[in-house]
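With mmCIF, C-alpha atoms inside, this is work.cif:
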data_target
loop_
_atom_site.group_PDB
_atom_site.id
_atom_site.type_symbol
_atom_site.label_atom_id
_atom_site.label_comp_id
_atom_site.auth_asym_id
_atom_site.auth_seq_id
_atom_site.Cartn_x
_atom_site.Cartn_y
_atom_site.Cartn_z
ATOM 1 C CA MET C 6 41.460 154.672 61.497
ATOM 2 C CA SER C 7 44.797 156.297 62.168
ATOM 3 C CA VAL C 8 46.357 156.487 65.614
ATOM 4 C CA ILE C 9 47.939 159.656 66.950
ATOM 5 C CA ARG C 10 50.789 159.746 69.447
ATOM 6 C CA LEU C 11 51.165 162.508 71.989
ATOM 7 C CA THR C 12 54.113 163.224 74.272
ATOM 8 C CA PRO C 13 54.384 165.768 77.101
ATOM 9 C CA ALA C 14 55.887 168.143 74.525
ATOM 10 C CA SER C 15 52.857 167.845 72.201
ATOM 11 C CA GLU C 16 50.425 170.735 72.032
ATOM 12 C CA ASN C 17 47.422 168.441 72.602
ATOM 13 C CA TYR C 18 48.951 166.381 75.414
ATOM 14 C CA PRO C 19 46.411 166.526 78.285
ATOM 15 C CA GLN C 20 47.753 168.822 80.968
ATOM 16 C CA ARG C 21 45.699 166.909 83.527
ATOM 17 C CA LEU C 22 48.166 164.031 83.287
ATOM 18 C CA LYS C 23 50.941 166.274 84.542
ATOM 19 C CA ARG C 24 49.269 166.149 87.960
ATOM 20 C CA LEU C 25 50.770 162.669 88.278
ATOM 21 C CA HIS C 26 54.266 162.178 89.669
ATOM 22 C CA ASP C 27 54.815 159.735 86.780
ATOM 23 C CA PRO C 28 52.799 161.019 83.797
ATOM 24 C CA PRO C 29 52.930 158.775 80.736
ATOM 25 C CA GLY C 30 55.785 159.610 78.394
ATOM 26 C CA GLN C 31 53.513 158.928 75.457
ATOM 27 C CA LEU C 32 49.801 158.545 74.835
ATOM 28 C CA PHE C 33 48.357 156.771 71.813
ATOM 29 C CA ILE C 34 44.829 157.762 70.832
ATOM 30 C CA LYS C 35 42.463 156.119 68.359
ATOM 31 C CA GLY C 36 39.250 157.929 67.529
ATOM 32 C CA THR C 37 38.307 161.536 68.176
ATOM 33 C CA LEU C 38 40.789 163.370 70.370
ATOM 34 C CA PRO C 39 38.828 164.124 73.547
ATOM 35 C CA ASP C 40 38.362 167.711 74.625
ATOM 36 C CA PHE C 41 40.245 167.583 77.893
ATOM 37 C CA ASN C 42 38.709 170.904 78.890
ATOM 38 C CA GLN C 43 35.289 169.242 78.879
ATOM 39 C CA LEU C 44 33.843 167.772 82.067
ATOM 40 C CA ILE C 45 34.973 164.158 82.387
ATOM 41 C CA LEU C 46 33.581 161.625 84.840
ATOM 42 C CA ALA C 47 35.594 158.459 85.386
ATOM 43 C CA VAL C 48 33.444 155.469 86.305
ATOM 44 C CA VAL C 49 35.026 152.289 87.645
ATOM 45 C CA GLY C 50 33.879 149.309 89.623
ATOM 46 C CA SER C 51 33.758 145.591 90.124
ATOM 47 C CA ARG C 52 34.343 143.217 87.226
ATOM 48 C CA LYS C 53 31.788 140.919 88.871
ATOM 49 C CA ALA C 54 28.948 143.402 88.947
ATOM 50 C CA SER C 55 25.870 142.360 90.863
ATOM 51 C CA ALA C 56 22.340 143.023 89.633
ATOM 52 C CA TYR C 57 22.321 146.034 91.960
ATOM 53 C CA GLY C 58 25.597 147.297 90.487
ATOM 54 C CA ARG C 59 24.310 146.912 86.944
ATOM 55 C CA TRP C 60 21.116 148.748 87.845
ATOM 56 C CA ALA C 61 23.004 151.579 89.538
ATOM 57 C CA THR C 62 25.385 151.965 86.602
ATOM 58 C CA GLU C 63 22.643 152.065 83.996
ATOM 59 C CA ARG C 64 20.564 154.494 86.055
ATOM 60 C CA LEU C 65 23.338 156.923 86.957
ATOM 61 C CA VAL C 66 25.769 156.933 84.053
ATOM 62 C CA GLY C 67 23.202 157.291 81.294
ATOM 63 C CA GLN C 68 21.702 160.390 82.897
ATOM 64 C CA VAL C 69 25.108 161.969 83.489
ATOM 65 C CA ALA C 70 26.180 161.279 79.903
ATOM 66 C CA ALA C 71 22.922 162.761 78.604
ATOM 67 C CA SER C 72 23.826 165.957 80.469
ATOM 68 C CA GLY C 73 26.939 166.382 78.337
ATOM 69 C CA VAL C 74 29.565 164.831 80.598
ATOM 70 C CA HIS C 75 32.226 162.680 78.913
ATOM 71 C CA ILE C 76 32.300 159.220 80.517
ATOM 72 C CA LEU C 77 35.741 157.662 80.957
ATOM 73 C CA SER C 78 36.438 154.095 82.024
ATOM 74 C CA GLY C 79 38.718 151.139 81.372
ATOM 75 C CA LEU C 80 36.697 148.825 79.060
ATOM 76 C CA ALA C 81 36.948 146.063 81.680
ATOM 77 C CA LEU C 82 34.297 143.477 82.404
ATOM 78 C CA GLY C 83 31.462 144.504 84.695
ATOM 79 C CA ILE C 84 30.929 148.126 85.703
ATOM 80 C CA ASP C 85 33.435 149.575 83.195
ATOM 81 C CA SER C 86 31.801 148.110 80.112
ATOM 82 C CA LEU C 87 28.316 148.883 81.438
ATOM 83 C CA SER C 88 29.379 152.511 81.871
ATOM 84 C CA HIS C 89 30.513 152.759 78.259
ATOM 85 C CA ALA C 90 27.341 151.074 77.013
ATOM 86 C CA SER C 91 25.087 153.270 79.154
ATOM 87 C CA ALA C 92 26.732 156.438 77.841
ATOM 88 C CA LEU C 93 26.427 155.259 74.254
ATOM 89 C CA GLY C 94 22.816 154.281 74.854
ATOM 90 C CA ARG C 95 21.976 157.887 75.730
ATOM 91 C CA GLY C 96 23.919 159.353 72.816
ATOM 92 C CA GLY C 97 26.739 160.532 75.076
ATOM 93 C CA LEU C 98 30.478 160.513 74.633
ATOM 94 C CA THR C 99 32.643 157.877 76.248
ATOM 95 C CA SER C 100 36.308 156.937 76.027
ATOM 96 C CA ALA C 101 38.370 154.039 77.352
ATOM 97 C CA VAL C 102 41.909 153.814 78.709
ATOM 98 C CA LEU C 103 43.352 150.402 77.884
ATOM 99 C CA PRO C 104 45.854 148.262 79.812
ATOM 100 C CA ALA C 105 47.328 147.180 76.479
ATOM 101 C CA GLY C 106 48.207 148.620 73.086
ATOM 102 C CA LEU C 107 45.403 149.806 70.833
ATOM 103 C CA ASP C 108 45.780 146.797 68.541
ATOM 104 C CA GLU C 109 45.373 144.438 71.509
ATOM 105 C CA VAL C 110 41.989 145.428 72.915
ATOM 106 C CA TYR C 111 41.560 143.900 76.360
ATOM 107 C CA PRO C 112 39.455 141.979 77.025
ATOM 108 C CA ALA C 113 39.194 140.719 73.431
ATOM 109 C CA SER C 114 35.473 140.116 73.958
ATOM 110 C CA HIS C 115 35.001 143.895 74.126
ATOM 111 C CA ARG C 116 36.435 144.650 70.698
ATOM 112 C CA THR C 117 32.950 145.359 69.353
ATOM 113 C CA LEU C 118 32.285 147.728 72.248
ATOM 114 C CA ALA C 119 35.626 149.431 71.578
ATOM 115 C CA ASP C 120 34.612 149.950 67.952
ATOM 116 C CA LYS C 121 31.292 151.422 69.064
ATOM 117 C CA ILE C 122 33.101 153.843 71.377
ATOM 118 C CA VAL C 123 35.191 155.134 68.483
ATOM 119 C CA ALA C 124 32.233 155.223 66.088
ATOM 120 C CA GLY C 125 30.259 157.176 68.693
ATOM 121 C CA GLY C 126 32.793 160.005 68.759
ATOM 122 C CA GLY C 127 34.883 158.762 71.662
ATOM 123 C CA ALA C 128 38.407 157.427 71.782
ATOM 124 C CA LEU C 129 40.609 154.575 72.925
ATOM 125 C CA LEU C 130 43.727 155.665 74.821
ATOM 126 C CA SER C 131 46.856 153.812 75.863
ATOM 127 C CA GLU C 132 50.384 154.617 76.974
ATOM 128 C CA TYR C 133 51.608 151.405 75.334
ATOM 129 C CA THR C 134 52.670 150.944 71.730
ATOM 130 C CA PRO C 135 49.882 149.392 69.641
ATOM 131 C CA ALA C 136 51.117 145.777 69.651
ATOM 132 C CA VAL C 137 51.759 145.485 73.410
ATOM 133 C CA ARG C 138 49.569 142.931 75.181
ATOM 134 C CA ALA C 139 48.032 143.399 78.615
ATOM 135 C CA ALA C 140 50.165 142.454 81.608
ATOM 136 C CA PRO C 141 49.272 142.392 85.335
ATOM 137 C CA TYR C 142 51.255 145.544 86.171
ATOM 138 C CA HIS C 143 49.525 147.474 83.360
ATOM 139 C CA PHE C 144 46.218 147.609 85.234
ATOM 140 C CA PRO C 145 47.233 149.821 88.179
ATOM 141 C CA ALA C 146 49.217 151.952 85.719
ATOM 142 C CA ARG C 147 46.098 152.318 83.575
ATOM 143 C CA ASN C 148 44.101 153.319 86.639
ATOM 144 C CA ARG C 149 46.325 156.315 87.372
ATOM 145 C CA ILE C 150 45.582 157.695 83.881
ATOM 146 C CA VAL C 151 41.842 157.213 84.351
ATOM 147 C CA ALA C 152 41.983 159.141 87.643
ATOM 148 C CA ALA C 153 44.170 161.944 86.309
ATOM 149 C CA LEU C 154 42.025 162.646 83.244
ATOM 150 C CA ALA C 155 38.826 163.014 85.288
ATOM 151 C CA ASP C 156 37.098 165.871 87.062
ATOM 152 C CA ALA C 157 35.657 163.307 89.455
ATOM 153 C CA VAL C 158 35.846 159.541 89.918
ATOM 154 C CA LEU C 159 32.692 157.533 90.578
ATOM 155 C CA ILE C 160 33.105 154.119 92.202
ATOM 156 C CA ILE C 161 30.223 151.675 91.687
ATOM 157 C CA GLU C 162 30.829 148.441 93.621
ATOM 158 C CA ALA C 163 34.282 147.444 94.863
ATOM 159 C CA GLY C 164 35.375 144.533 96.982
ATOM 160 C CA GLU C 165 37.587 144.906 100.026
ATOM 161 C CA ARG C 166 40.768 144.456 97.968
ATOM 162 C CA SER C 167 39.437 145.497 94.594
ATOM 163 C CA GLY C 168 41.827 147.002 92.052
ATOM 164 C CA THR C 169 39.133 149.638 91.625
ATOM 165 C CA LEU C 170 40.268 151.167 94.901
ATOM 166 C CA ILE C 171 43.653 151.889 93.301
ATOM 167 C CA THR C 172 41.881 154.356 91.020
ATOM 168 C CA ALA C 173 40.351 156.041 94.062
ATOM 169 C CA GLU C 174 43.770 156.244 95.721
ATOM 170 C CA HIS C 175 45.317 157.864 92.660
ATOM 171 C CA ALA C 176 42.454 160.351 92.506
ATOM 172 C CA LEU C 177 42.803 161.302 96.158
ATOM 173 C CA ASP C 178 46.566 161.697 95.772
ATOM 174 C CA ILE C 179 46.120 164.382 93.095
ATOM 175 C CA GLY C 180 43.018 166.062 94.518
ATOM 176 C CA VAL C 181 40.358 164.607 92.210
ATOM 177 C CA PRO C 182 37.009 164.187 94.035
ATOM 178 C CA VAL C 183 35.960 160.595 94.694
ATOM 179 C CA LEU C 184 32.281 159.664 94.718
ATOM 180 C CA ALA C 185 30.854 156.289 95.718
ATOM 181 C CA VAL C 186 27.543 154.477 95.469
ATOM 182 C CA PRO C 187 26.563 152.824 98.765
ATOM 183 C CA GLY C 188 25.620 149.161 98.691
ATOM 184 C CA PRO C 189 24.064 146.456 100.858
ATOM 185 C CA ILE C 190 26.153 145.752 103.949
ATOM 186 C CA ASN C 191 25.982 142.008 103.246
ATOM 187 C CA SER C 192 27.389 142.344 99.717
ATOM 188 C CA PRO C 193 31.129 141.609 99.196
ATOM 189 C CA THR C 194 31.165 144.024 96.263
ATOM 190 C CA SER C 195 29.978 146.887 98.466
ATOM 191 C CA VAL C 196 32.661 146.639 101.160
ATOM 192 C CA GLY C 197 35.033 148.941 99.292
ATOM 193 C CA THR C 198 32.486 151.582 98.336
ATOM 194 C CA ASN C 199 30.932 151.718 101.792
ATOM 195 C CA ARG C 200 34.364 152.113 103.335
ATOM 196 C CA LEU C 201 35.219 154.930 100.929
ATOM 197 C CA ILE C 202 32.084 156.750 102.073
ATOM 198 C CA GLN C 203 33.112 156.233 105.712
ATOM 199 C CA GLN C 204 36.456 157.795 104.825
ATOM 200 C CA GLY C 205 34.883 160.857 103.235
ATOM 201 C CA ALA C 206 34.013 159.996 99.635
ATOM 202 C CA GLY C 207 30.939 161.743 98.284
ATOM 203 C CA LEU C 208 27.764 159.733 98.790
ATOM 204 C CA VAL C 209 25.882 159.183 95.511
ATOM 205 C CA THR C 210 22.231 158.158 95.435
ATOM 206 C CA SER C 211 21.212 159.870 92.183
ATOM 207 C CA ALA C 212 22.604 161.335 88.990
ATOM 208 C CA GLU C 213 21.853 164.750 90.458
ATOM 209 C CA ASP C 214 24.440 164.119 93.183
ATOM 210 C CA ILE C 215 27.104 163.554 90.525
ATOM 211 C CA LEU C 216 26.052 166.515 88.417
ATOM 212 C CA ALA C 217 26.044 168.773 91.462
ATOM 213 C CA GLU C 218 29.671 167.792 92.162
ATOM 214 C CA LEU C 219 30.460 168.733 88.559
ATOM 215 C CA GLY C 220 28.467 171.974 88.712
ATOM 216 C CA LEU C 221 25.731 170.842 86.319
ATOM 217 C CA GLU C 222 22.015 170.133 86.324
ATOM 218 C CA ALA C 223 20.305 167.052 84.909
ATOM 219 C CA ALA C 224 19.338 167.026 81.245
ATOM 220 C CA HIS C 225 15.657 167.231 80.403
ATOM 221 C CA ARG C 226 13.915 163.939 79.911
ATOM 222 C CA PRO C 227 12.766 162.922 76.429
ATOM 223 C CA ALA C 228 9.351 164.046 75.282
ATOM 224 C CA VAL C 229 6.430 161.607 75.482
ATOM 225 C CA ARG C 230 6.442 159.424 72.388
ATOM 226 C CA GLY C 231 4.407 156.356 73.267
ATOM 227 C CA ALA C 232 1.360 155.541 71.163
ATOM 228 C CA ASN C 233 -0.428 154.130 74.210
ATOM 229 C CA PRO C 234 0.084 153.962 77.998
ATOM 230 C CA GLN C 235 1.946 150.651 77.857
ATOM 231 C CA GLU C 236 4.420 151.908 75.270
ATOM 232 C CA GLN C 237 4.884 155.058 77.309
ATOM 233 C CA ALA C 238 5.593 152.954 80.399
ATOM 234 C CA VAL C 239 8.389 151.222 78.478
ATOM 235 C CA LEU C 240 9.858 154.562 77.359
ATOM 236 C CA ASP C 241 9.629 156.039 80.854
ATOM 237 C CA TRP C 242 11.384 153.001 82.313
ATOM 238 C CA LEU C 243 14.216 153.239 79.774
ATOM 239 C CA VAL C 244 14.821 156.876 80.714
ATOM 240 C CA ASP C 245 16.014 155.780 84.154
ATOM 241 C CA HIS C 246 17.207 152.290 83.209
ATOM 242 C CA PRO C 247 19.120 152.478 79.915
ATOM 243 C CA ALA C 248 20.642 149.360 78.387
ATOM 244 C CA VAL C 249 18.455 146.670 79.960
ATOM 245 C CA SER C 250 17.473 143.237 78.754
ATOM 246 C CA MET C 251 13.932 142.428 77.727
ATOM 247 C CA GLU C 252 13.639 140.152 80.770
ATOM 248 C CA GLU C 253 14.761 142.930 83.154
ATOM 249 C CA LEU C 254 12.308 145.329 81.542
ATOM 250 C CA ALA C 255 9.465 142.823 81.925
ATOM 251 C CA GLU C 256 10.327 142.278 85.590
ATOM 252 C CA GLY C 257 10.567 146.012 86.273
ATOM 253 C CA LEU C 258 7.230 146.768 84.625
ATOM 254 C CA GLY C 259 5.469 143.698 85.955
ATOM 255 C CA LEU C 260 4.466 142.576 82.450
ATOM 256 C CA ALA C 261 4.754 139.239 80.675
ATOM 257 C CA PRO C 262 7.956 138.918 78.565
ATOM 258 C CA ALA C 263 5.862 138.236 75.459
ATOM 259 C CA GLU C 264 3.959 141.502 75.964
ATOM 260 C CA VAL C 265 7.166 143.484 76.504
ATOM 261 C CA ASN C 266 8.669 141.882 73.405
ATOM 262 C CA ARG C 267 5.627 143.024 71.405
ATOM 263 C CA LEU C 268 5.884 146.576 72.755
ATOM 264 C CA LEU C 269 9.609 146.759 72.048
ATOM 265 C CA THR C 270 9.045 145.575 68.487
ATOM 266 C CA HIS C 271 6.506 148.342 67.872
ATOM 267 C CA LEU C 272 8.754 150.974 69.446
ATOM 268 C CA GLU C 273 11.760 149.773 67.477
ATOM 269 C CA LEU C 274 9.834 150.015 64.202
ATOM 270 C CA ALA C 275 8.753 153.523 65.247
ATOM 271 C CA GLY C 276 12.400 154.475 65.763
ATOM 272 C CA SER C 277 12.004 155.137 69.495
ATOM 273 C CA VAL C 278 14.198 152.358 70.899
ATOM 274 C CA ARG C 279 17.054 150.151 69.772
ATOM 275 C CA VAL C 280 18.954 147.183 71.104
ATOM 276 C CA ASP C 281 22.633 147.894 71.747
ATOM 277 C CA VAL C 282 25.632 146.342 73.491
ATOM 278 C CA GLY C 283 24.108 146.476 76.950
ATOM 279 C CA GLY C 284 20.475 145.870 75.968
ATOM 280 C CA TRP C 285 17.429 147.944 75.038
ATOM 281 C CA THR C 286 17.803 151.706 75.170
ATOM 282 C CA LEU C 287 16.204 154.908 73.886
ATOM 283 C CA VAL C 288 17.183 156.247 70.476
#
Entire entry expressed as structure tokens:
Amino acid sequence: MSVIRLTPASENYPQRLKRLHDPPGQLFIKGTLPDFNQLILAVVGSRKASAYGRWATERLVGQVAASGVHILSGLALGIDSLSHASALGRGGLTSAVLPAGLDEVYPASHRTLADKIVAGGGALLSEYTPAVRAAPYHFPARNRIVAALADAVLIIEAGERSGTLITAEHALDIGVPVLAVPGPINSPTSVGTNRLIQQGAGLVTSAEDILAELGLEAAHRPAVRGANPQEQAVLDWLVDHPAVSMEELAEGLGLAPAEVNRLLTHLELAGSVRVDVGGWTLV
């Protein structure tokens, strides 16, 4: 797939980036050029996501994406990649800003996810020429682009000195609303988010909180499609918990893994669910 290059003089160069004091002098895009007039939610967080962070990401981001909001993140380990996968799992659009050139997907383990983002109608974006590899100073630079392209920035888990907080700082500097998911007070990955809330970030406990900030309402839930109550329980769980493993689904439903595996097999054959990058999700 061809790569396009935009400069501040290009007609399609995102005007949002000009809010920065140092907007990128070029932007390489692979995939479908995003509609920068569409609502965009940036989602960032800890690379070492806890079970709580994974649950919160899957629950919140999938519902927001299903409501037509474009999900933007950085393809990093942890919350970033879960955000992309959750959006894709609900048939939503998602794009990633890379800390390297488009030929040097970082981390390399997420190349398949990057391909799925493009195939799903999203895009990969970078200010670096295609062959440039990731370098330490590229990450905070990448974060400023993520913040500037968004209508709001959602922080899901961040340590006390997390690089994620750089994204929040960039957003606040240019007037982009910052939202944060509260976490357990004994969790190192919740120190940053809880502090952001203390400092005035929007408190998020549901997808509706995010959509309200963006001026939207939640999308309708899928129609009932289960052939029996147990299958329906699986489908209902996946509405609020997209991209989960079979083991997580079994634990959440209180069923034996073998029984959940049987139900998933039937639902997959019926075309109701599929297994994707992040786990089982609705079709």
Explicit residues for the PyMOL selection byres ((chain C and resi 211) around 10) (as a PyMOL selection string): chain C and resi 61+64-66+68-69+186+208-210+212-216
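Taking all atoms listed in the file into account, Ile179 in chain C lies nearest to C:Ala155 out of the set C:Ala155, C:Ile160, C:Val123, C:Ala113.
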What separation in Å, quoted to one decimal, exists between CA of Leu107 in chain C and CA of Ser131 in chain C?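 CA of Leu107 in chain C sits 6.6 Å away from CA of Ser131 in chain C.
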If the PyMOL selection byres ((chain C and resi 49) around 7) were run on this exact file, what residues would it hold? Put them as a ChimeraX atom specification. /C:47-48,50,78,84-85,159-161,169
Could you expand the PyMOL selection byres ((chain C and resi 272) around 12) into the explicit residues it covers here, written as a ChimeraX atom specification? /C:230-233,235-240,243,265-271,273-280,285-288
If you count only C-alpha atoms, which residues fall within 6 Å of range 187-200 of chain C, apart from same-chain ones fewer than 5 positions away, as an MDAnalysis selection string? chainID C and resid 162:165
Please, could you write that set of residues out with C-alpha atoms as an mmCIF file, keeping the file's coordinate frame?
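Written output follows (result16.cif):
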data_model
loop_
_atom_site.group_PDB
_atom_site.id
_atom_site.type_symbol
_atom_site.label_atom_id
_atom_site.label_comp_id
_atom_site.auth_asym_id
_atom_site.auth_seq_id
_atom_site.Cartn_x
_atom_site.Cartn_y
_atom_site.Cartn_z
ATOM 1 C CA GLU C 162 30.829 148.441 93.621
ATOM 2 C CA ALA C 163 34.282 147.444 94.863
ATOM 3 C CA GLY C 164 35.375 144.533 96.982
ATOM 4 C CA GLU C 165 37.587 144.906 100.026
#
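The interatomic distance for the pair CA of Ala261 in chain C and CA of Arg59 in chain C works out to 21.9 Å.
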Looking at all atoms listed in the file, which of C:Val110, C:Leu154, C:Leu201, C:Leu129 is the one that sits closest to Leu170 in chain C?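 When distances to Leu170 in chain C are compared using all atoms listed in the file, the smallest one comes from C:Leu201.
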As an exercise, work out the distance from CA of Asp120 in chain C to CA of Thr37 in chain C in Å and give it to one decimal place.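 These atoms are spaced 12.2 Å apart.
When only C-alpha atoms are used to compute distances to Gly36 in chain C, the closest of the residues C:Gly96, C:Pro141, C:Gly127, C:Pro234 turns out to be C:Gly127.
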Please provide as an mmCIF file with C-alpha atoms, in the frame of the given file all residues within 12 Å of Arg116 in chain C, with the sequence filter that same-chain residues fewer than 2 positions apart are discarded (counting all atoms listed in the file).
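Heads up, here's the output in out_20.cif:
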data_model
loop_
_atom_site.group_PDB
_atom_site.id
_atom_site.type_symbol
_atom_site.label_atom_id
_atom_site.label_comp_id
_atom_site.auth_asym_id
_atom_site.auth_seq_id
_atom_site.Cartn_x
_atom_site.Cartn_y
_atom_site.Cartn_z
ATOM 1 C CA LEU C 80 36.697 148.825 79.060
ATOM 2 C CA ALA C 81 36.948 146.063 81.680
ATOM 3 C CA LEU C 82 34.297 143.477 82.404
ATOM 4 C CA SER C 86 31.801 148.110 80.112
ATOM 5 C CA ALA C 101 38.370 154.039 77.352
ATOM 6 C CA LEU C 103 43.352 150.402 77.884
ATOM 7 C CA LEU C 107 45.403 149.806 70.833
ATOM 8 C CA ASP C 108 45.780 146.797 68.541
ATOM 9 C CA GLU C 109 45.373 144.438 71.509
ATOM 10 C CA VAL C 110 41.989 145.428 72.915
ATOM 11 C CA TYR C 111 41.560 143.900 76.360
ATOM 12 C CA PRO C 112 39.455 141.979 77.025
ATOM 13 C CA ALA C 113 39.194 140.719 73.431
ATOM 14 C CA SER C 114 35.473 140.116 73.958
ATOM 15 C CA LEU C 118 32.285 147.728 72.248
ATOM 16 C CA ALA C 119 35.626 149.431 71.578
ATOM 17 C CA ASP C 120 34.612 149.950 67.952
ATOM 18 C CA LYS C 121 31.292 151.422 69.064
ATOM 19 C CA ILE C 122 33.101 153.843 71.377
ATOM 20 C CA VAL C 123 35.191 155.134 68.483
ATOM 21 C CA LEU C 129 40.609 154.575 72.925
ATOM 22 C CA VAL C 282 25.632 146.342 73.491
#
The residue from C:Glu264, C:Gly284, C:Glu256, C:Ala153 with the smallest atom-to-atom distance to Lys23 in chain C, counting all atoms listed in the file, is C:Ala153
Could you check which residues have any atom within 12 Å of (37.2, 164.1, 69.2), counting all atoms listed in the file with coordinates taken straight from the file, and then list them as a VMD selection string? chain C and resid 9 17 34 to 43 75 98 to 100 122 to 129
Select all residues near (32.0, 162.1, 97.0) (cut-off 8 Å, inclusive, file coordinates), counting all atoms listed in the file, and output them as a count of residues only. 12
Just want the 10 Å neighbourhood of Glu253 in chain C, counted on all atoms listed in the file, with same-chain residues fewer than 5 positions away dropped. Output as a ChimeraX atom specification. /C:56,60,246,248,258-259,262,284-285
Selected residue of minimal separation from Pro145 in chain C among C:Val102, C:Leu221, C:Ala92, C:Leu44, counting only C-alpha atoms: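 Once distances to Pro145 in chain C are computed over only C-alpha atoms, the minimum belongs to C:Val102.
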Given all atoms listed in the file as the counted atoms, nearest of C:Ser72, C:Val244, C:Gln203, C:Glu132 to Leu11 in chain C: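 With all atoms listed in the file as the atom set, the closest residue is C:Glu132.
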Considering only C-alpha atoms, return as a ChimeraX atom specification whatever protein or nucleic-acid residues lie within 7 Å of Val181 in chain C, sequence-local ones (same chain, fewer than 4 positions apart) excluded. /C:156-157,176-177
Some atoms are missing, so please complete range 74-85 of chain C with N, CA and C atoms and return it as a PDB file, keeping the file's coordinate frame.
ATOM      1  N   VAL C  74      28.306 165.196  79.949  1.00  0.00           N
ATOM      2  CA  VAL C  74      29.565 164.831  80.598  1.00  0.00           C
ATOM      3  C   VAL C  74      30.198 163.656  79.855  1.00  0.00           C
ATOM      4  N   HIS C  75      31.492 163.751  79.586  1.00  0.00           N
ATOM      5  CA  HIS C  75      32.226 162.680  78.913  1.00  0.00           C
ATOM      6  C   HIS C  75      32.516 161.581  79.931  1.00  0.00           C
ATOM      7  N   ILE C  76      32.117 160.358  79.611  1.00  0.00           N
ATOM      8  CA  ILE C  76      32.300 159.220  80.517  1.00  0.00           C
ATOM      9  C   ILE C  76      33.596 158.495  80.162  1.00  0.00           C
ATOM     10  N   LEU C  77      34.451 158.317  81.159  1.00  0.00           N
ATOM     11  CA  LEU C  77      35.741 157.662  80.957  1.00  0.00           C
ATOM     12  C   LEU C  77      35.801 156.411  81.824  1.00  0.00           C
ATOM     13  N   SER C  78      36.282 155.315  81.244  1.00  0.00           N
ATOM     14  CA  SER C  78      36.438 154.095  82.024  1.00  0.00           C
ATOM     15  C   SER C  78      37.535 153.246  81.387  1.00  0.00           C
ATOM     16  N   GLY C  79      37.600 151.966  81.789  1.00  0.00           N
ATOM     17  CA  GLY C  79      38.718 151.139  81.372  1.00  0.00           C
ATOM     18  C   GLY C  79      38.385 149.960  80.490  1.00  0.00           C
ATOM     19  N   LEU C  80      37.135 149.876  79.987  1.00  0.00           N
ATOM     20  CA  LEU C  80      36.697 148.825  79.060  1.00  0.00           C
ATOM     21  C   LEU C  80      36.702 147.437  79.703  1.00  0.00           C
ATOM     22  N   ALA C  81      36.882 147.361  81.009  1.00  0.00           N
ATOM     23  CA  ALA C  81      36.948 146.063  81.680  1.00  0.00           C
ATOM     24  C   ALA C  81      35.570 145.423  81.755  1.00  0.00           C
ATOM     25  N   LEU C  82      35.553 144.163  82.162  1.00  0.00           N
ATOM     26  CA  LEU C  82      34.297 143.477  82.404  1.00  0.00           C
ATOM     27  C   LEU C  82      33.542 144.167  83.533  1.00  0.00           C
ATOM     28  N   GLY C  83      32.248 143.974  83.584  1.00  0.00           N
ATOM     29  CA  GLY C  83      31.462 144.504  84.695  1.00  0.00           C
ATOM     30  C   GLY C  83      31.119 145.972  84.557  1.00  0.00           C
ATOM     31  N   ILE C  84      31.358 146.728  85.620  1.00  0.00           N
ATOM     32  CA  ILE C  84      30.929 148.126  85.703  1.00  0.00           C
ATOM     33  C   ILE C  84      31.527 148.978  84.582  1.00  0.00           C
ATOM     34  N   ASP C  85      32.798 148.763  84.239  1.00  0.00           N
ATOM     35  CA  ASP C  85      33.435 149.575  83.195  1.00  0.00           C
ATOM     36  C   ASP C  85      32.666 149.493  81.886  1.00  0.00           C
TER      37      ASP C  85
END
